[in-house]
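Below is one structure, written out as structure tokens, with a few remarks after it.
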Amino acid sequence: MSQPFRTLRLLVRLTLAQQLVLLALLPATVATLGAIAVLTRQHLANVTELMRANAQTVALQVATVAQPQIQRMDRRALQHSAESGSSQPHVQQVQIWSEDGEILANSETPDRKPAEGLQVVAPIVAEDGMHAGKVMVEINLDAVRVARQSVWINVVLVLGASLVGVGLAGWWAARRISAPIRALGEAVDQLGAGENAQVALEGTAEVRRLQHGFNLAARALTESRSQLESRITEATAELESKNRQLEVASQAKTRLLAAASHDLRQPLHALTLFSDGLANGETDPVRLQRIGHIRECVDSLDRLFSELLNLSQLDAGVLQPQWTDFALDHLFDEISRNFRAVAEQQNLRLVVRKTELWVRCDYVMLSRILNNLVSNSLRHTTEGGVLIGARRRGRAIRIDVLDTGIGIAPKHQSRVFEEFYQVEPNGRQGRGARGMGLGLATVQRLAALLNTRVDLSSLPGKGTCVRVLVRAAEPVPAQALPAALPAGGIAIDEAPSLHGVRVLVIDDERTILEGLQVVLSNWGAEVLIAQTRSEALALADTWERPPDLVLSDLLLQGGDNGLDVLAALERHPHGIGEETGRLLVTGETKPDRLREVASAGVAVLYKPVSPRMLRQAIHAQLSAIRQAVL
């Protein structure tokens with residue numbers, strides 16, 4: 001960067017007062033230096049001329065004295081005259097020359113400095129008017145040098161005094177001009193900080209006009225800010241009111257769904273148990289077909305309630321990822337077992353690609369995500385089929401679920417993950433008869449818990465592809481899959497018979513007790529039943545040995561609950577211990593109840609519970625107790 005630009009940048013950084021002072025000092029300095037230069041030159045010229053005149057006078061005096069002496073050629077007298085002239089002030093040499101240039105006399109001071117003096121020549125005129133010789137007088141210029149030094153000292157003093165005076169005057173003027181402007185700047189900063197600001201009217205007429213305009217603008221801005229703050233306050237209060245209304249509506253919705261879900265799950269649970277009891281030992285094809293239709297209706301209702309339960313568990317925050325490494329092919333085999341019969345019943349193909357990839361994820365949550373996606377694809381596919389596959393993408397594994405279904409229009413694709421949002425087969429948004437519109441909402445929220453995302457692409461009439469990205473893991477030696485209750489679509493192999501197993505069933509619904517007694521007896525179990533805590537404790541007083549498993553409803557009569565009953569049985573002298581399994585069955589979906597159950601650490605099944613699921617859960621509990629004892 002060139003020097004002028006640097007200087008300009010330095011000037012821009014100065015304050016207004018500094019710039020005004022500098023503006024006053026620069027011309028004053030230039031004018032003062034110019035005036036001093038002219039005066040100094042004149043003064044030095046006058047001193048030099050004075051010294052020349054002095055030398056001329058001495059030369060004329062010596063010439064007058066030497067005129068008769070040079071005619072006599074009295075060299076001694078001439079030397080005396082030269083010495084007399086050199087004794088004059090400031091004279092450092094006197095020479096008397098003959099007409100032909102011969103030096104007849106020469107006198108100089110000891111401190112003479114050759115080539116540093118001023119020489120003056122005067123003629124020696126004889127009586128007849130003819131030149132008889134010359135007198136040269138060289139005068140010392142020390143006086144001129146002293147005068148020059150004195151002048152420079154005076155110049156510095158005068159210049160300094162002038163600059164100080166001009167600087168003080170400029171600083172006073174600058175302060176007078178810049179102070180109102182600085183006050184305006186501070187007032188602007190106050191306005192920017194949201195404070196009220198006014199400035200006093202002072203200074204020149206122009207500055208006062210500026211201050212008056214600023215005060216008017218500041219008052220208008222303050223009034224506008226007050227109005228805006230008032231509107232914001234009103235809007236905030238209105239928004240808070242609407243939020244409270246939405247919160248009340250949401251809580252009312254949750255309570256309504258929870259109450260309706262619980263009240264409907266109870267008879268549905270009993271219906272599930274009795275339908276299985278009807279099929280046990282039945283050989284008539286017509287009756288078996290009718291029982292099959294009943295089971296299909298029960299399964300359909302079960303899917304609807306499972307969607308509500310999944311969403312309630314997410315709302316309650318009781319679901320937390322349990323990270324494990326597992327082979328993705330195990331999960332794919334499970335999905336194939338769960339949905340192959342459904343696909344064949346709809347004349348669809350279900351293709352599950354074999355894979356050797358391993359993932360690090362929560363087995364139950366990922367299983368629930370894929371089960372929901374596959375179920376949704378089969379539900380909206382009329383011909384063709386569904387394909388499930390996986391491939392590596394860097395450090396992640398991408399799982400694809402593709403179908404040849406009706407597809408989703410672009411205007412609906414951004415909303416299908418919302419709760420209760422459905423697209424009918426004709427492509428319009430609405431309520432279908434096969435679900436509640438919670439499956440994809442559950443998928444999205446489970447994916448958020450797993451710190452991943454779900455992407456969807458679809459073409460109407462062509463099909464849909466949903467992609468789930470999960471973390472890749474390194475293959476490890478074969479190991480058991482994470483133990484989990486068969487909830488959310490997890491399939492487990494059929495459990496063996498319950499012959500010789502003693503089960504205590506506690507439920508305040510007589511129909512459910514009878515249904516469970518029928519189902520468990522058919523499996524070979526010895527069944528004890530109780531409707532209340534007192535009945536359960538009475539059984540504990542008389543039994544010879546405690547049951548192998550206690551199966552209790554969560555909510556009982558009189559505000560009692562299964563957790564408290566289990567605790568009472570544990571405290572009973574002949575009650576249950578570590579060798580007795582514990583299993584809760586509930587139709588509750590309230591978030592606070594779900595959190596209470598999750599914190600208790602007792603295995604839970606949610607109504608309606610199919611006989612197959614119940615049998616697998618009982619077997620899992622008994623197996624866990626046997627392993628703990630060993």
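Lettering and numbering for the structure tokens are positional, with chains as A, B, ... in the shown order, residues counted from 1 in each chain, and ligands counted from 1 in the shown order.
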Excluding same-chain residues fewer than 6 positions from segment 56-60 of chain A, what lies within 10 Å of it counting only C-alpha atoms, as a list in words?
->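 Answer for this query is Leu50, Ala66, Ala82, Ser84, Gly85, Ser86, Gln88, Pro89, Val91, Val94, Gln95, Ile96, Gln119, Val120, Val121, Ala122, Pro123, Ile124, Lys134, Val135, Met136, Val137, Glu138 and Ile139 of chain A.
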Can those selected residues be exported to a file as an mmCIF file, in the first residue's frame so that it contains C-alpha atoms?
```
data_model
loop_
_atom_site.group_PDB
_atom_site.id
_atom_site.type_symbol
_atom_site.label_atom_id
_atom_site.label_comp_id
_atom_site.auth_asym_id
_atom_site.auth_seq_id
_atom_site.Cartn_x
_atom_site.Cartn_y
_atom_site.Cartn_z
ATOM 1 C CA LEU A 50 26.394 45.545 7.721
ATOM 2 C CA ALA A 66 48.728 54.234 3.460
ATOM 3 C CA ALA A 82 47.979 47.024 8.106
ATOM 4 C CA SER A 84 46.359 48.858 12.861
ATOM 5 C CA GLY A 85 43.537 47.893 10.470
ATOM 6 C CA SER A 86 43.571 44.201 11.483
ATOM 7 C CA GLN A 88 39.595 46.503 14.231
ATOM 8 C CA PRO A 89 36.572 44.373 15.355
ATOM 9 C CA VAL A 91 38.758 42.057 10.858
ATOM 10 C CA VAL A 94 44.549 43.335 5.991
ATOM 11 C CA GLN A 95 46.814 43.441 2.917
ATOM 12 C CA ILE A 96 48.294 46.448 1.099
ATOM 13 C CA GLN A 119 36.862 40.313 1.441
ATOM 14 C CA VAL A 120 36.507 43.985 0.478
ATOM 15 C CA VAL A 121 39.041 45.899 -1.722
ATOM 16 C CA ALA A 122 39.519 49.700 -1.641
ATOM 17 C CA PRO A 123 41.872 51.614 -4.003
ATOM 18 C CA ILE A 124 44.738 53.836 -2.782
ATOM 19 C CA LYS A 134 44.957 48.657 -3.174
ATOM 20 C CA VAL A 135 43.899 47.679 0.336
ATOM 21 C CA MET A 136 42.174 44.315 0.906
ATOM 22 C CA VAL A 137 40.296 43.840 4.132
ATOM 23 C CA GLU A 138 38.942 40.363 5.045
ATOM 24 C CA ILE A 139 36.329 40.460 7.746
#
```
Could you pull the residues within 7 Å of segment 146-159 of chain A, counting only C-alpha atoms, minus those fewer than 2 positions along the same chain, as a list in words?
-> Thr32, Ile36, Thr40, Leu44, Asp142, Ala143, Val144, Ala161, Ser162 and Leu163 of chain A
Have a look at A:Ala31, A:Val188, A:Ile512, A:Ala193 and name the one nearest to Pro608 of chain A; count only C-alpha atoms.
->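 Counting only C-alpha atoms, the residue closest to Pro608 of chain A is A:Ile512.
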List the neighbours of His212 of chain A out to 12 Å using only C-alpha atoms; skip same-chain residues closer than 6 positions along the sequence, and give me the result as JSON, numbers by chain.
-> {"A": [180, 184, 198, 199, 200, 201, 202, 203, 205, 206, 218, 219]}
Requested write-out: C-alpha atoms of the selected residues, as a PDB file, in the first residue's frame:
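In the end it all went to result_13.pdb:
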```pdb
ATOM      1  CA  PRO A 180     -22.606  18.112  20.682  1.00  0.00           C
ATOM      2  CA  LEU A 184     -25.584  12.817  19.619  1.00  0.00           C
ATOM      3  CA  GLN A 198     -32.797  13.229  24.335  1.00  0.00           C
ATOM      4  CA  VAL A 199     -29.984  15.763  23.837  1.00  0.00           C
ATOM      5  CA  ALA A 200     -29.718  19.362  25.039  1.00  0.00           C
ATOM      6  CA  LEU A 201     -29.855  22.103  22.383  1.00  0.00           C
ATOM      7  CA  GLU A 202     -26.440  23.779  22.377  1.00  0.00           C
ATOM      8  CA  GLY A 203     -23.716  24.835  19.996  1.00  0.00           C
ATOM      9  CA  ALA A 205     -27.317  27.101  14.815  1.00  0.00           C
ATOM     10  CA  GLU A 206     -26.624  24.188  12.491  1.00  0.00           C
ATOM     11  CA  ALA A 218     -36.067   9.838  19.014  1.00  0.00           C
ATOM     12  CA  ARG A 219     -39.489  10.620  20.447  1.00  0.00           C
TER      13      ARG A 219
END
```
Using only C-alpha atoms, which of the listed residues (A:Thr29, A:Asn338, A:Gln93, A:Ser98) sits closest to Arg112 of chain A?
-> A:Gln93
Residue nearest Val501 of chain A - candidates A:Pro547, A:Gly558, A:Gly515, A:Pro460, atoms counted: only C-alpha atoms |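 Looking at the shortest contact to Val501 of chain A, the residue is A:Pro547.
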Counting only C-alpha atoms, which of A:Asp400, A:Ala55, A:Ala126, A:Gln79 gets nearest to Glu108 of chain A?
->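 That would be A:Gln79, the residue with the smallest distance to Glu108 of chain A.
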Residue neighbourhood Glu579 of chain A, 12 Å, only C-alpha atoms, exclusion window fewer than 5 positions, as a PDB file with N, CA and C atoms, in the first residue's frame:
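To be explicit, this is the file written out as part_20.pdb:
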```pdb
ATOM      1  N   ARG A 545     -46.628 -74.631  48.071  1.00  0.00           N
ATOM      2  CA  ARG A 545     -45.428 -73.995  47.499  1.00  0.00           C
ATOM      3  C   ARG A 545     -45.888 -72.790  46.670  1.00  0.00           C
ATOM      4  N   PRO A 546     -45.048 -71.768  46.569  1.00  0.00           N
ATOM      5  CA  PRO A 546     -45.448 -70.578  45.808  1.00  0.00           C
ATOM      6  C   PRO A 546     -45.544 -70.904  44.312  1.00  0.00           C
ATOM      7  N   PRO A 547     -46.258 -70.096  43.564  1.00  0.00           N
ATOM      8  CA  PRO A 547     -46.379 -70.345  42.128  1.00  0.00           C
ATOM      9  C   PRO A 547     -45.058 -70.085  41.416  1.00  0.00           C
ATOM     10  N   ASP A 548     -44.948 -70.692  40.239  1.00  0.00           N
ATOM     11  CA  ASP A 548     -43.759 -70.444  39.406  1.00  0.00           C
ATOM     12  C   ASP A 548     -43.836 -69.089  38.709  1.00  0.00           C
ATOM     13  N   LEU A 549     -45.058 -68.594  38.551  1.00  0.00           N
ATOM     14  CA  LEU A 549     -45.238 -67.314  37.856  1.00  0.00           C
ATOM     15  C   LEU A 549     -46.492 -66.645  38.387  1.00  0.00           C
ATOM     16  N   VAL A 550     -46.405 -65.309  38.587  1.00  0.00           N
ATOM     17  CA  VAL A 550     -47.573 -64.506  38.932  1.00  0.00           C
ATOM     18  C   VAL A 550     -47.895 -63.628  37.737  1.00  0.00           C
ATOM     19  N   GLU A 570     -44.533 -60.552  48.065  1.00  0.00           N
ATOM     20  CA  GLU A 570     -43.120 -60.706  48.415  1.00  0.00           C
ATOM     21  C   GLU A 570     -42.921 -60.595  49.931  1.00  0.00           C
ATOM     22  N   GLN A 621     -39.950 -65.733  30.866  1.00  0.00           N
ATOM     23  CA  GLN A 621     -39.789 -65.507  32.293  1.00  0.00           C
ATOM     24  C   GLN A 621     -39.272 -66.750  33.008  1.00  0.00           C
ATOM     25  N   LEU A 622     -39.847 -67.889  32.691  1.00  0.00           N
ATOM     26  CA  LEU A 622     -39.411 -69.138  33.340  1.00  0.00           C
ATOM     27  C   LEU A 622     -37.972 -69.468  32.977  1.00  0.00           C
ATOM     28  N   SER A 623     -37.592 -69.243  31.703  1.00  0.00           N
ATOM     29  CA  SER A 623     -36.213 -69.521  31.281  1.00  0.00           C
ATOM     30  C   SER A 623     -35.234 -68.607  31.999  1.00  0.00           C
ATOM     31  N   ALA A 624     -35.597 -67.326  32.161  1.00  0.00           N
ATOM     32  CA  ALA A 624     -34.709 -66.390  32.840  1.00  0.00           C
ATOM     33  C   ALA A 624     -34.504 -66.780  34.302  1.00  0.00           C
ATOM     34  N   ILE A 625     -35.569 -67.281  34.961  1.00  0.00           N
ATOM     35  CA  ILE A 625     -35.455 -67.687  36.368  1.00  0.00           C
ATOM     36  C   ILE A 625     -34.585 -68.922  36.488  1.00  0.00           C
ATOM     37  N   ARG A 626     -34.771 -69.884  35.578  1.00  0.00           N
ATOM     38  CA  ARG A 626     -33.943 -71.106  35.632  1.00  0.00           C
ATOM     39  C   ARG A 626     -32.471 -70.763  35.445  1.00  0.00           C
ATOM     40  N   GLN A 627     -32.161 -69.883  34.513  1.00  0.00           N
ATOM     41  CA  GLN A 627     -30.763 -69.493  34.300  1.00  0.00           C
ATOM     42  C   GLN A 627     -30.198 -68.767  35.509  1.00  0.00           C
ATOM     43  N   ALA A 628     -31.011 -67.944  36.177  1.00  0.00           N
ATOM     44  CA  ALA A 628     -30.532 -67.229  37.363  1.00  0.00           C
ATOM     45  C   ALA A 628     -30.244 -68.192  38.506  1.00  0.00           C
ATOM     46  N   VAL A 629     -31.096 -69.231  38.650  1.00  0.00           N
ATOM     47  CA  VAL A 629     -30.895 -70.220  39.716  1.00  0.00           C
ATOM     48  C   VAL A 629     -29.635 -71.033  39.465  1.00  0.00           C
ATOM     49  N   LEU A 630     -29.408 -71.388  38.182  1.00  0.00           N
ATOM     50  CA  LEU A 630     -28.217 -72.170  37.851  1.00  0.00           C
ATOM     51  C   LEU A 630     -26.966 -71.333  38.002  1.00  0.00           C
TER      52      LEU A 630
END
```
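Nearest-residue note for Gly385 of chain A: choosing from A:Val401, A:Val503, A:Val443, A:Ala603, the minimum distance belongs to A:Val401, counting only C-alpha atoms.
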Nearby residues (only C-alpha atoms) at most 7 Å from Leu569 of chain A, same-chain spacing under 5 positions excluded, as a ChimeraX atom specification = /A:537,575-576
